[in-house]
Amino acid sequence: PEQPTVAPVQAPPTPPVDTSTLSEEELAALIDAAVAEAVAATTEATTAMTAATSDGTISSEETVNMNVTLAGTEEAIATAEALIMAYSDIYGAYASETLSTLEEIEEDLNTIAEGVELMMQILEQGDEVALAAIQQILAAVEVANVSAAEIQAQSEGWLETLQAELENRAAAALAVQPTNIATDRQGAIQSVSQYLETVRSSLADNRISQGELSAISQAGANASASIRAQGGPQLQNLAGSIDAMTRQIARGEVPQAKGNLSALEASVPRRP
């Protein structure tokens, strides 16, 4: 008996930038721009396809032009999808509301991509095949236009919603109450060291889980309260630096937090 054909597994698209260097807000802004570009490319492609088939014929020149336009659309969609996948991988653990919107957008992008692939396959078979499949092409165009309109509706205001979510997340992290306040200066310094170790281990993989954020928030509350209570005048600035780092991490500013970690470590007195 014939063996079933197994479709090759395609590697996920690669983001156009190193997303590990971007904060959550910066990556979200890139996604917003990439999605808008994908929608614009889709509109351009469907308009060109409709115009080319409006007279019931498809010339060789029109076939070439449409293939170029569709290839550009395919690339724009791949870029947007790669950025959404990167966001899901890095921030999906605690950005549930934003991720839900992006998943809906990605679903519509996939629908458009399937239509684009179908149209390109038809055009690649030559003018005669394309001419015979005009109705199939127009049906794919209609589906792509509907999906593009849905993406526009889903995208409206989502970036502003994310920014509000980031602020709420930061406020919640800083509102955590201390559960262990040091009773002397050395205990306060030890509490800061514990906070730094919690941050360092959590940032090692360039992403923060909900559990890690909770642990950082609690360790930060303990360290900040301990320094304010027992650190003395010389160490009071540490409390503000701890709160600032907790805020950065809660807002998805992981690269910035990693950059500030060494400076904060250097400002902590060594324990005898």
# chains A, B, ... in the order shown; residues from 1 in each chain; ligands from 1
>>> residues_around(residues="range 96-102 of chain A", least_positions_apart="3", cutoff="12 Å", atoms="only C-alpha atoms", output="VMD selection string")
chain A and resid 24 to 25 28 31 to 32 35 80 to 93 105 to 109 150 to 166 169 209 to 210
>>> closest_residue(among="A:Ser241, A:Thr73, A:Gln230, A:Thr79", to="Ala41 in chain A", atoms="only C-alpha atoms")
A:Thr73
>>> residues_around(residues="Asp205 in chain A", least_positions_apart="3", cutoff="12 Å", atoms="only C-alpha atoms", output="ChimeraX atom specification")
/A:20,89-91,199-202,208-209,212,254-255,258
>>> residues_around(residues="Asp243 in chain A", least_positions_apart="5", cutoff="9 Å", atoms="only C-alpha atoms", output="list in words")
Leu174, Ser217, Gly220, Ala221, Ser224, Leu238 and Gln248 of chain A
>>> select_by_dssp(residues="range 22-270 of chain A", states="helix (DSSP H, G or I)", output="NGL selection string")
:A and (24-53 or 60-91 or 96-124 or 127-132 or 134-155 or 158-174 or 185-203 or 210-230 or 233-250 or 254-266)
>>> residues_around(residues="Thr53 in chain A", least_positions_apart="2", cutoff="12 Å", atoms="only C-alpha atoms", output="number ranges by chain")
A: 46-51, 55-59, 62-63, 66, 127, 130-139, 141
